[in-house]
Amino acid sequence: MSAEPTANAAPDASPAPSDFIRDIVARDVAEKRHARIVTRFPPEPNGYLHLGHAKSICLNFGVARENHGVCHLRFDDTNPVKEDAEYVESITRDVRWLVEGWADQCLGFKPKGATPAAGTVNGKPDFHLSAVAAGAEAEPFFASDYFEHIHGYAVELIKRGKAYVCDLSPQETDAYRGAPDHPGKDSPFRNRSVEENLALFARMRSGELPDGACSLRAKIDMASPNIWLRDPLLYRIRHTAHHHAGKKWCIYPLYDFAHCLSDYLEGITHSVCTLEFEVHRPLYDWILQSLELPRTLPHQYEFAKLNISYMVFSKRRLLQLVSDGAVAGWDDPRLPTLAGARRRGIPAAAIRRLAATVGVTKYESVTDIALFEHAVREELNAAATRRLAVLHPVKVVLTNIAPGETVTCRAVDNPQDPAPRTREVALTREVFIEQDDFAEVPPPKYFRLKPGGEVRLKYACIIRCDEVVKDATGRVTELRCTADLATRAGQPDADRKVKGTIHWVSADRSIEAEVRLYDRLFTVPEPGATEDFQRHLNPRSLEVVRARLEPSLAAARASEPFQFERLGYFTPDAKDSRPGALVFNRTITLKDTWAKPAGKG
RNA sequence: UGCCCGAUGGUGUAAUGGCAGCACAAACGAUUCUGACUCGUUUUGUCUAGGUUCGACUCCUAGUCGGGCAGCCA
């Protein structure tokens, strides 16, 4: 039996993307500089992942995937005061979700509890920790697992006269640093002897010194035009327990010191990060070169982070929205977090598709949200099972169908499927249609139901509106119509054309459900541009309706994608939906080219 | 009056000295038992000024505009 490619294999079948990072990797592969390409995704566990991180994940895992390499998930957990194990859990979950079915074979974990192993390379002592598959006995990498090694490298730097213990207070350190347009000046502690530095660093580690009393600094150049080369801090004192390393340490390495060494210890070949770290690159290289390490050194490359119109990505602002109660939590479906996107019904493949569309450059662009929405619809159009549902019901009585009578109709599950499945839907005397699909005084070019007019009930038959029933306030309460049963599929007049076809559900053979209709969270294209961004919150970002669904939807599984015909894509809410108390989220509407003319009319 | 980085239609990108292409968006049309999908047509672009070259989006110089860098955050 030959294995037929499945219809959903499209993302994997698409041509490999090309960009300046991939060009560099391709060059290194061609020159055989590395036995294997190793990248990494290194979040700090201090918040939830969002679409911006997704771009980085797609890049790092994509590069690994296209080169038969591996991408390590590593927690850059060097600042215990900001971090929490809760975030380790959510980040791990989100990464797995995003790469599942695409690059899970590249997801590099390490054996549980493993730390870099000692060895000898080219006659020099060395440490190395390589990846294993992300199975049951594995866990992500943690920078905090390397604290002992990183500490050793700090001692080595001191011995080489390239680092010193500085007693300047944080404020004094700031003052000595100078400014971008004028040089700093040397710390008075810069020329301590190796022995003194070693003794002082040991006292820092021993716990006898309070937070801020002193720090370990690289000895580089206080006059460098690059601020990050003005004797940057390597270690600070923090009498704080660590969520992963426990209570073992009271000194913690800073990002710049820990990151390059973590990359080295793991054998990372290409260390890809966002543009704001560009000015840190000389420091990254300085640390690794100063240590004269025996293996090939990793290199850092930078790309522009993702921005999407009508969204905010900054961790600070996201946190503000959550803590101010503007949204229900980190997984609120209106948020651009991966947890929120997943709950909303956005497929991981759509996010990967978006990443491929926006590409990788060094230009700080703002991606039109339409590109994102298009990626979501493309994915869902192929994947979503079609169902009938009415969001804002109005009752229609088909006067020529007897009470209790059922006319069985056949509906298609997904016309995009090469061999579509079908199901039965019941047409009964009373049905619901969408309020929008009837107009007593129709605007020009209105295709839908109007007094005396005809419309087709999808999968059923053409109906004619004979009578409009209203209550005392003039609100339409009921439409009395005649069904032309000869226009059903397989009947003589099946091919009779009317301009409009609308969706519907049987009144008594349908079920009720809560449906949450989401709109964009902000009303302006760049909400993050100003501090008072919450002023631009869309007051109508969430509308909750009681809808009527065709009964088969009672069996919908969490996160299963559906298209409610003519309305959009929907999925059961993974948190709140219960049998008998269904809750659906609207992922996104269908494109609606009628909305504009209708609005004008 | 510092250093680093960037700039191609409305948006995101491709062209790596040789026909400025693709996708989205927009507009119009065809098709349609989803005003969806699909298909067709159309509109719109190389920041500016010099230079090198047979030839410049691409290389050089200067400028303009935008972003980043002065946490014991990452």
# chains A, B, ... in the order shown; residues from 1 in each chain; ligands from 1
>>> closest_atom_pairs(of="chain A", to="chain B", cutoff="7 Å", atoms="only C-alpha atoms (C1' of nucleotides)", output="CSV")
residue,atom,partner,partner_atom,distance
A:Glu44,CA,B:A74,C1',6.7
A:Pro170,CA,B:C72,C1',6.2
A:Gly178,CA,B:A70,C1',6.8
A:Ala179,CA,B:A70,C1',4.8
A:Pro180,CA,B:G2,C1',5.4
A:Asp181,CA,B:G2,C1',3.6
A:His182,CA,B:G2,C1',6.6
A:Gly212,CA,B:C72,C1',6.5
A:Pro225,CA,B:C3,C1',5.1
A:Asn226,CA,B:C3,C1',5.9
A:Ile227,CA,B:A70,C1',6.6
A:Arg236,CA,B:C72,C1',5.3
A:Tyr255,CA,B:A74,C1',6.4
A:Glu276,CA,B:G68,C1',5.6
A:Val279,CA,B:C4,C1',6.4
A:Thr357,CA,B:G12,C1',6.9
A:Val358,CA,B:G12,C1',5.2
A:Gly359,CA,B:U13,C1',6.9
A:Lys362,CA,B:G6,C1',6.6
A:Tyr363,CA,B:G6,C1',5.6
A:Thr367,CA,B:G12,C1',6.0
A:Asp368,CA,B:U11,C1',5.2
A:Ala370,CA,B:C24,C1',6.7
A:Leu371,CA,B:C24,C1',5.5
A:Lys458,CA,B:C33,C1',5.5
A:Tyr459,CA,B:C33,C1',6.3
A:Thr501,CA,B:C33,C1',6.2
A:Glu565,CA,B:U34,C1',5.5
A:Arg566,CA,B:U34,C1',4.8
A:Leu590,CA,B:A36,C1',6.2
A:Lys591,CA,B:A36,C1',6.6
A:Asp592,CA,B:G35,C1',6.8
A:Thr593,CA,B:G35,C1',6.2
A:Trp594,CA,B:G35,C1',5.2
>>> write_last_selection(atoms="N, CA and C atoms", output="mmCIF file, in the first residue's frame")
data_model
loop_
_atom_site.group_PDB
_atom_site.id
_atom_site.type_symbol
_atom_site.label_atom_id
_atom_site.label_comp_id
_atom_site.auth_asym_id
_atom_site.auth_seq_id
_atom_site.Cartn_x
_atom_site.Cartn_y
_atom_site.Cartn_z
ATOM 1 N N GLU A 44 12.040 33.301 29.271
ATOM 2 C CA GLU A 44 12.108 33.399 30.723
ATOM 3 C C GLU A 44 10.726 33.024 31.250
ATOM 4 N N PRO A 170 24.300 50.099 43.386
ATOM 5 C CA PRO A 170 23.612 50.191 42.084
ATOM 6 C C PRO A 170 23.575 51.625 41.546
ATOM 7 N N GLY A 178 28.302 56.277 32.792
ATOM 8 C CA GLY A 178 28.276 57.323 31.774
ATOM 9 C C GLY A 178 26.966 57.262 31.016
ATOM 10 N N ALA A 179 26.985 57.744 29.787
ATOM 11 C CA ALA A 179 25.779 57.777 28.956
ATOM 12 C C ALA A 179 26.187 57.451 27.532
ATOM 13 N N PRO A 180 25.184 57.194 26.670
ATOM 14 C CA PRO A 180 25.520 56.835 25.286
ATOM 15 C C PRO A 180 26.471 57.824 24.619
ATOM 16 N N ASP A 181 26.320 59.114 24.943
ATOM 17 C CA ASP A 181 27.149 60.107 24.246
ATOM 18 C C ASP A 181 28.351 60.577 25.053
ATOM 19 N N HIS A 182 28.587 59.999 26.224
ATOM 20 C CA HIS A 182 29.865 60.282 26.891
ATOM 21 C C HIS A 182 30.337 59.078 27.689
ATOM 22 N N GLY A 212 22.944 43.541 46.861
ATOM 23 C CA GLY A 212 23.421 44.848 46.405
ATOM 24 C C GLY A 212 24.752 45.278 46.983
ATOM 25 N N PRO A 225 31.937 52.902 23.125
ATOM 26 C CA PRO A 225 30.694 53.512 22.633
ATOM 27 C C PRO A 225 29.492 52.580 22.839
ATOM 28 N N ASN A 226 29.770 51.307 22.998
ATOM 29 C CA ASN A 226 28.704 50.347 23.292
ATOM 30 C C ASN A 226 28.573 50.187 24.805
ATOM 31 N N ILE A 227 27.446 50.650 25.335
ATOM 32 C CA ILE A 227 27.189 50.620 26.772
ATOM 33 C C ILE A 227 27.434 49.236 27.375
ATOM 34 N N ARG A 236 24.951 39.089 40.467
ATOM 35 C CA ARG A 236 24.445 39.945 41.535
ATOM 36 C C ARG A 236 24.027 39.052 42.698
ATOM 37 N N TYR A 255 21.637 37.836 32.563
ATOM 38 C CA TYR A 255 21.338 37.304 31.227
ATOM 39 C C TYR A 255 22.567 37.184 30.341
ATOM 40 N N GLU A 276 16.619 43.768 19.760
ATOM 41 C CA GLU A 276 17.093 44.597 20.873
ATOM 42 C C GLU A 276 18.376 44.039 21.498
ATOM 43 N N VAL A 279 22.998 44.939 20.240
ATOM 44 C CA VAL A 279 24.121 45.606 20.904
ATOM 45 C C VAL A 279 24.761 44.738 21.977
ATOM 46 N N THR A 357 4.257 33.557 6.331
ATOM 47 C CA THR A 357 3.854 34.712 5.521
ATOM 48 C C THR A 357 4.645 35.968 5.876
ATOM 49 N N VAL A 358 4.809 36.228 7.162
ATOM 50 C CA VAL A 358 5.495 37.466 7.542
ATOM 51 C C VAL A 358 7.004 37.355 7.345
ATOM 52 N N GLY A 359 7.526 36.135 7.325
ATOM 53 C CA GLY A 359 8.947 35.979 7.057
ATOM 54 C C GLY A 359 9.816 36.460 8.205
ATOM 55 N N LYS A 362 15.087 42.174 9.282
ATOM 56 C CA LYS A 362 15.543 43.065 10.341
ATOM 57 C C LYS A 362 14.750 44.371 10.303
ATOM 58 N N TYR A 363 13.646 44.374 9.586
ATOM 59 C CA TYR A 363 12.813 45.572 9.495
ATOM 60 C C TYR A 363 11.654 45.456 10.476
ATOM 61 N N THR A 367 2.472 44.129 11.053
ATOM 62 C CA THR A 367 1.722 43.263 10.149
ATOM 63 C C THR A 367 0.234 43.554 10.261
ATOM 64 N N ASP A 368 -0.392 43.728 9.102
ATOM 65 C CA ASP A 368 -1.831 43.959 9.055
ATOM 66 C C ASP A 368 -2.546 42.736 9.635
ATOM 67 N N ALA A 370 -5.162 41.595 8.957
ATOM 68 C CA ALA A 370 -5.815 40.851 7.874
ATOM 69 C C ALA A 370 -4.972 39.655 7.438
ATOM 70 N N LEU A 371 -3.652 39.775 7.532
ATOM 71 C CA LEU A 371 -2.788 38.652 7.166
ATOM 72 C C LEU A 371 -2.987 37.494 8.146
ATOM 73 N N LYS A 458 -31.051 26.161 3.289
ATOM 74 C CA LYS A 458 -29.956 25.320 2.811
ATOM 75 C C LYS A 458 -30.192 23.842 3.131
ATOM 76 N N TYR A 459 -29.927 23.009 2.160
ATOM 77 C CA TYR A 459 -30.088 21.546 2.234
ATOM 78 C C TYR A 459 -31.561 21.117 2.270
ATOM 79 N N THR A 501 -29.777 31.840 -0.285
ATOM 80 C CA THR A 501 -29.834 30.587 0.461
ATOM 81 C C THR A 501 -29.436 30.910 1.895
ATOM 82 N N GLU A 565 -22.434 27.485 9.156
ATOM 83 C CA GLU A 565 -22.506 27.990 7.784
ATOM 84 C C GLU A 565 -23.005 29.427 7.720
ATOM 85 N N ARG A 566 -22.356 30.188 6.917
ATOM 86 C CA ARG A 566 -22.608 31.605 6.666
ATOM 87 C C ARG A 566 -22.268 32.501 7.860
ATOM 88 N N LEU A 590 -16.718 34.531 8.864
ATOM 89 C CA LEU A 590 -16.397 34.337 7.450
ATOM 90 C C LEU A 590 -16.173 35.721 6.851
ATOM 91 N N LYS A 591 -15.470 35.776 5.742
ATOM 92 C CA LYS A 591 -15.395 37.050 5.018
ATOM 93 C C LYS A 591 -16.816 37.436 4.627
ATOM 94 N N ASP A 592 -17.125 38.692 4.737
ATOM 95 C CA ASP A 592 -18.498 39.122 4.487
ATOM 96 C C ASP A 592 -18.520 40.325 3.557
ATOM 97 N N THR A 593 -18.613 40.070 2.260
ATOM 98 C CA THR A 593 -18.603 41.176 1.303
ATOM 99 C C THR A 593 -19.970 41.857 1.231
ATOM 100 N N TRP A 594 -20.959 41.289 1.912
ATOM 101 C CA TRP A 594 -22.289 41.905 1.948
ATOM 102 C C TRP A 594 -22.384 42.951 3.058
#
>>> residues_around(residues="B:A62", least_positions_apart="5", cutoff="12 Å", atoms="only C-alpha atoms (C1' of nucleotides)", output="VMD selection string")
chain B and resid 48 to 51
>>> atom_distance(atom1="atom CA of A:Gly119", atom2="atom CA of A:Asn197")
27.5 Å
>>> residues_around(residues="A:Leu157", least_positions_apart="6", cutoff="12 Å", atoms="only C-alpha atoms (C1' of nucleotides)", output="PyMOL selection string")
chain A and resi 150-151+163-165+194+197-198+201+216-220+234+257+286-293
>>> residues_around(residues="B:U52", least_positions_apart="5", cutoff="12 Å", atoms="only C-alpha atoms (C1' of nucleotides)", output="mmCIF file with N, CA, C and O atoms (P, O5', C5', C4', C3', O3' and C1' of nucleotides), in the first residue's frame")
data_model
loop_
_atom_site.group_PDB
_atom_site.id
_atom_site.type_symbol
_atom_site.label_atom_id
_atom_site.label_comp_id
_atom_site.auth_asym_id
_atom_site.auth_seq_id
_atom_site.Cartn_x
_atom_site.Cartn_y
_atom_site.Cartn_z
ATOM 1 P P G B 17 24.851 39.952 -6.420
ATOM 2 O "O5'" G B 17 24.082 40.838 -7.504
ATOM 3 C "C5'" G B 17 24.177 42.247 -7.512
ATOM 4 C "C4'" G B 17 23.567 42.723 -8.799
ATOM 5 C "C3'" G B 17 23.814 41.784 -9.970
ATOM 6 O "O3'" G B 17 22.744 41.889 -10.894
ATOM 7 C "C1'" G B 17 24.710 43.882 -10.433
ATOM 8 P P C B 59 23.665 46.580 -1.309
ATOM 9 O "O5'" C B 59 25.022 47.101 -1.985
ATOM 10 C "C5'" C B 59 26.095 46.212 -2.217
ATOM 11 C "C4'" C B 59 27.267 46.967 -2.783
ATOM 12 C "C3'" C B 59 27.498 48.352 -2.163
ATOM 13 O "O3'" C B 59 28.224 48.257 -0.953
ATOM 14 C "C1'" C B 59 27.581 48.517 -4.518
ATOM 15 P P C B 60 28.013 49.357 0.177
ATOM 16 O "O5'" C B 60 28.810 50.608 -0.409
ATOM 17 C "C5'" C B 60 30.216 50.562 -0.596
ATOM 18 C "C4'" C B 60 30.697 51.914 -1.057
ATOM 19 C "C3'" C B 60 30.194 53.086 -0.231
ATOM 20 O "O3'" C B 60 31.004 53.305 0.912
ATOM 21 C "C1'" C B 60 29.851 53.552 -2.520
ATOM 22 P P U B 61 30.362 53.958 2.215
ATOM 23 O "O5'" U B 61 30.177 55.475 1.774
ATOM 24 C "C5'" U B 61 31.302 56.288 1.497
ATOM 25 C "C4'" U B 61 30.860 57.668 1.121
ATOM 26 C "C3'" U B 61 29.829 58.303 2.049
ATOM 27 O "O3'" U B 61 30.420 58.866 3.211
ATOM 28 C "C1'" U B 61 29.166 58.629 -0.196
#
>>> select_by_dssp(residues="stretch 126-178 of chain A", states="strand (DSSP E or B)", output="VMD selection string")
chain A and resid 126 to 128 132 to 133 138 to 139 141 to 142 163 to 166
>>> write_last_selection(atoms="N, CA and C atoms", output="mmCIF file, in the first residue's frame")
data_model
loop_
_atom_site.group_PDB
_atom_site.id
_atom_site.type_symbol
_atom_site.label_atom_id
_atom_site.label_comp_id
_atom_site.auth_asym_id
_atom_site.auth_seq_id
_atom_site.Cartn_x
_atom_site.Cartn_y
_atom_site.Cartn_z
ATOM 1 N N ASP A 126 36.123 20.307 29.646
ATOM 2 C CA ASP A 126 34.946 20.895 28.991
ATOM 3 C C ASP A 126 33.681 20.290 29.583
ATOM 4 N N PHE A 127 32.563 20.959 29.343
ATOM 5 C CA PHE A 127 31.262 20.450 29.785
ATOM 6 C C PHE A 127 30.300 20.514 28.614
ATOM 7 N N HIS A 128 29.423 19.521 28.556
ATOM 8 C CA HIS A 128 28.481 19.493 27.442
ATOM 9 C C HIS A 128 27.221 18.744 27.844
ATOM 10 N N VAL A 132 17.795 15.013 24.162
ATOM 11 C CA VAL A 132 17.136 13.743 23.875
ATOM 12 C C VAL A 132 15.717 14.084 23.410
ATOM 13 N N ALA A 133 15.017 13.099 22.883
ATOM 14 C CA ALA A 133 13.632 13.326 22.463
ATOM 15 C C ALA A 133 12.784 13.692 23.672
ATOM 16 N N ALA A 138 12.082 12.825 30.004
ATOM 17 C CA ALA A 138 12.822 14.027 29.636
ATOM 18 C C ALA A 138 12.142 15.270 30.177
ATOM 19 N N GLU A 139 12.890 16.348 30.234
ATOM 20 C CA GLU A 139 12.345 17.639 30.657
ATOM 21 C C GLU A 139 13.056 18.724 29.849
ATOM 22 N N PHE A 141 15.326 22.070 29.043
ATOM 23 C CA PHE A 141 16.593 22.583 29.587
ATOM 24 C C PHE A 141 16.295 23.777 30.490
ATOM 25 N N PHE A 142 17.172 23.964 31.473
ATOM 26 C CA PHE A 142 17.048 25.127 32.359
ATOM 27 C C PHE A 142 18.424 25.754 32.518
ATOM 28 N N ALA A 163 37.652 39.697 35.169
ATOM 29 C CA ALA A 163 36.464 40.016 35.954
ATOM 30 C C ALA A 163 36.889 40.423 37.346
ATOM 31 N N TYR A 164 36.078 41.276 37.957
ATOM 32 C CA TYR A 164 36.423 41.747 39.303
ATOM 33 C C TYR A 164 35.167 41.981 40.128
ATOM 34 N N VAL A 165 35.349 41.900 41.437
ATOM 35 C CA VAL A 165 34.254 42.192 42.351
ATOM 36 C C VAL A 165 34.242 43.692 42.602
ATOM 37 N N CYS A 166 33.066 44.291 42.422
ATOM 38 C CA CYS A 166 32.924 45.739 42.527
ATOM 39 C C CYS A 166 31.992 46.071 43.682
#
>>> atom_distance(atom1="atom CA of A:Phe522", atom2="atom CA of A:Leu537")
4.5 Å
>>> atom_distance(atom1="atom CA of A:Val390", atom2="atom CA of A:Glu512")
9.8 Å
>>> residues_around(residues="A:Leu129", least_positions_apart="3", cutoff="10 Å", atoms="only C-alpha atoms (C1' of nucleotides)", output="list in words")
Lys110, Pro111, Ala114, Thr115, Pro116, Ala117, Ala118, Val132, Phe141, Tyr146, Ser262, Tyr264, Leu265, Glu266 and Gly267 of chain A
>>> write_last_selection(atoms="N, CA and C atoms", output="JSON list (two decimals), in the first residue's frame")
[["chain", "number", "residue", "atom", "x", "y", "z"],
["A", 110, "LYS", "N", 16.08, 17.34, 27.72],
["A", 110, "LYS", "CA", 17.24, 16.64, 28.28],
["A", 110, "LYS", "C", 16.72, 15.58, 29.24],
["A", 111, "PRO", "N", 17.54, 14.56, 29.54],
["A", 111, "PRO", "CA", 17.10, 13.57, 30.52],
["A", 111, "PRO", "C", 16.80, 14.25, 31.84],
["A", 114, "ALA", "N", 19.37, 15.86, 34.37],
["A", 114, "ALA", "CA", 20.72, 15.87, 33.80],
["A", 114, "ALA", "C", 21.34, 17.26, 33.86],
["A", 115, "THR", "N", 22.65, 17.28, 34.05],
["A", 115, "THR", "CA", 23.41, 18.53, 33.97],
["A", 115, "THR", "C", 24.58, 18.28, 33.02],
["A", 116, "PRO", "N", 25.26, 19.31, 32.57],
["A", 116, "PRO", "CA", 26.36, 19.12, 31.62],
["A", 116, "PRO", "C", 27.43, 18.18, 32.16],
["A", 117, "ALA", "N", 27.86, 17.26, 31.31],
["A", 117, "ALA", "CA", 28.84, 16.26, 31.73],
["A", 117, "ALA", "C", 30.25, 16.77, 31.46],
["A", 118, "ALA", "N", 31.16, 16.45, 32.39],
["A", 118, "ALA", "CA", 32.55, 16.85, 32.24],
["A", 118, "ALA", "C", 33.26, 15.95, 31.24],
["A", 132, "VAL", "N", 17.80, 15.01, 24.16],
["A", 132, "VAL", "CA", 17.14, 13.74, 23.87],
["A", 132, "VAL", "C", 15.72, 14.08, 23.41],
["A", 141, "PHE", "N", 15.33, 22.07, 29.04],
["A", 141, "PHE", "CA", 16.59, 22.58, 29.59],
["A", 141, "PHE", "C", 16.30, 23.78, 30.49],
["A", 146, "TYR", "N", 22.68, 25.04, 35.16],
["A", 146, "TYR", "CA", 24.11, 25.29, 34.84],
["A", 146, "TYR", "C", 24.77, 26.24, 35.83],
["A", 262, "SER", "N", 25.17, 29.16, 28.42],
["A", 262, "SER", "CA", 24.16, 28.11, 28.28],
["A", 262, "SER", "C", 24.16, 27.60, 26.84],
["A", 264, "TYR", "N", 26.61, 27.64, 24.80],
["A", 264, "TYR", "CA", 27.84, 26.86, 24.61],
["A", 264, "TYR", "C", 27.71, 25.47, 25.22],
["A", 265, "LEU", "N", 27.23, 25.42, 26.46],
["A", 265, "LEU", "CA", 27.11, 24.13, 27.16],
["A", 265, "LEU", "C", 26.21, 23.16, 26.40],
["A", 266, "GLU", "N", 25.19, 23.70, 25.75],
["A", 266, "GLU", "CA", 24.24, 22.85, 25.02],
["A", 266, "GLU", "C", 24.67, 22.60, 23.57],
["A", 267, "GLY", "N", 25.76, 23.19, 23.17],
["A", 267, "GLY", "CA", 26.21, 23.00, 21.80],
["A", 267, "GLY", "C", 25.33, 23.67, 20.77]]
>>> closest_residue(among="A:Ala598, A:Leu233, A:Arg496, A:Asn585", to="A:Pro443", atoms="only C-alpha atoms")
A:Ala598
>>> select_by_dssp(residues="stretch 101-255 of chain A", states="alpha helix (DSSP H)", output="ChimeraX atom specification")
/A:147-159,170-177,194-206,255
>>> write_last_selection(atoms="N, CA and C atoms", output="CSV table (one decimal), in the first residue's frame")
chain,number,residue,atom,x,y,z
A,147,PHE,N,24.1,26.6,36.9
A,147,PHE,CA,24.6,27.6,37.8
A,147,PHE,C,26.0,27.2,38.3
A,148,GLU,N,26.2,25.9,38.6
A,148,GLU,CA,27.5,25.5,39.1
A,148,GLU,C,28.6,25.7,38.0
A,149,HIS,N,28.3,25.4,36.8
A,149,HIS,CA,29.2,25.6,35.6
A,149,HIS,C,29.5,27.0,35.4
A,150,ILE,N,28.4,27.8,35.4
A,150,ILE,CA,28.5,29.2,35.1
A,150,ILE,C,29.4,29.9,36.2
A,151,HIS,N,29.2,29.5,37.4
A,151,HIS,CA,30.0,30.0,38.5
A,151,HIS,C,31.5,29.6,38.2
A,152,GLY,N,31.7,28.4,37.8
A,152,GLY,CA,33.1,28.0,37.5
A,152,GLY,C,33.7,28.9,36.4
A,153,TYR,N,32.9,29.2,35.4
A,153,TYR,CA,33.4,30.1,34.3
A,153,TYR,C,33.7,31.5,34.9
A,154,ALA,N,32.9,32.0,35.8
A,154,ALA,CA,33.1,33.3,36.5
A,154,ALA,C,34.5,33.3,37.2
A,155,VAL,N,34.7,32.2,37.9
A,155,VAL,CA,36.0,32.0,38.6
A,155,VAL,C,37.2,32.1,37.6
A,156,GLU,N,37.0,31.4,36.5
A,156,GLU,CA,38.0,31.3,35.5
A,156,GLU,C,38.3,32.7,34.9
A,157,LEU,N,37.2,33.5,34.7
A,157,LEU,CA,37.4,34.8,34.2
A,157,LEU,C,38.1,35.7,35.2
A,158,ILE,N,37.9,35.5,36.5
A,158,ILE,CA,38.6,36.2,37.5
A,158,ILE,C,40.1,35.9,37.5
A,159,LYS,N,40.3,34.6,37.4
A,159,LYS,CA,41.7,34.1,37.3
A,159,LYS,C,42.5,34.7,36.1
A,170,PRO,N,24.3,50.1,43.4
A,170,PRO,CA,23.6,50.2,42.1
A,170,PRO,C,23.6,51.6,41.5
A,171,GLN,N,23.3,52.6,42.4
A,171,GLN,CA,23.3,54.0,42.0
A,171,GLN,C,24.6,54.5,41.5
A,172,GLU,N,25.7,54.1,42.3
A,172,GLU,CA,27.0,54.5,41.9
A,172,GLU,C,27.4,53.9,40.5
A,173,THR,N,27.0,52.6,40.4
A,173,THR,CA,27.4,51.9,39.2
A,173,THR,C,26.7,52.6,38.0
A,174,ASP,N,25.5,53.0,38.2
A,174,ASP,CA,24.8,53.8,37.1
A,174,ASP,C,25.6,55.1,36.7
A,175,ALA,N,26.0,55.8,37.8
A,175,ALA,CA,26.6,57.0,37.6
A,175,ALA,C,28.0,56.8,36.9
A,176,TYR,N,28.7,55.8,37.3
A,176,TYR,CA,30.0,55.5,36.7
A,176,TYR,C,29.9,55.0,35.2
A,177,ARG,N,28.7,54.5,34.8
A,177,ARG,CA,28.6,54.0,33.5
A,177,ARG,C,28.6,55.0,32.4
A,194,VAL,N,43.8,39.3,41.6
A,194,VAL,CA,43.0,38.1,41.4
A,194,VAL,C,42.7,37.4,42.7
A,195,GLU,N,43.6,37.4,43.6
A,195,GLU,CA,43.4,36.7,44.9
A,195,GLU,C,42.2,37.4,45.7
A,196,GLU,N,42.3,38.7,45.7
A,196,GLU,CA,41.3,39.5,46.4
A,196,GLU,C,39.9,39.2,45.8
A,197,ASN,N,39.9,39.3,44.4
A,197,ASN,CA,38.6,39.0,43.7
A,197,ASN,C,38.1,37.6,44.0
A,198,LEU,N,38.9,36.7,44.0
A,198,LEU,CA,38.5,35.3,44.2
A,198,LEU,C,37.9,35.2,45.7
A,199,ALA,N,38.6,35.8,46.6
A,199,ALA,CA,38.1,35.7,48.0
A,199,ALA,C,36.8,36.4,48.2
A,200,LEU,N,36.7,37.6,47.5
A,200,LEU,CA,35.4,38.4,47.6
A,200,LEU,C,34.3,37.6,46.9
A,201,PHE,N,34.5,37.0,45.8
A,201,PHE,CA,33.5,36.3,45.0
A,201,PHE,C,33.0,35.1,45.9
A,202,ALA,N,34.0,34.5,46.6
A,202,ALA,CA,33.6,33.4,47.5
A,202,ALA,C,32.7,33.9,48.6
A,203,ARG,N,33.0,35.1,49.1
A,203,ARG,CA,32.1,35.6,50.1
A,203,ARG,C,30.7,36.0,49.6
A,204,MET,N,30.7,36.5,48.3
A,204,MET,CA,29.4,36.7,47.7
A,204,MET,C,28.6,35.4,47.7
A,205,ARG,N,29.2,34.3,47.3
A,205,ARG,CA,28.5,33.1,47.2
A,205,ARG,C,28.1,32.5,48.6
A,206,SER,N,28.9,32.8,49.6
A,206,SER,CA,28.7,32.2,50.9
A,206,SER,C,27.5,32.7,51.6
A,255,TYR,N,21.6,37.8,32.6
A,255,TYR,CA,21.3,37.3,31.2
A,255,TYR,C,22.6,37.2,30.3
>>> residues_around(residues="B:U43", least_positions_apart="3", cutoff="10 Å", atoms="only C-alpha atoms (C1' of nucleotides)", output="list in words")
G9, A26 and A27 of chain B
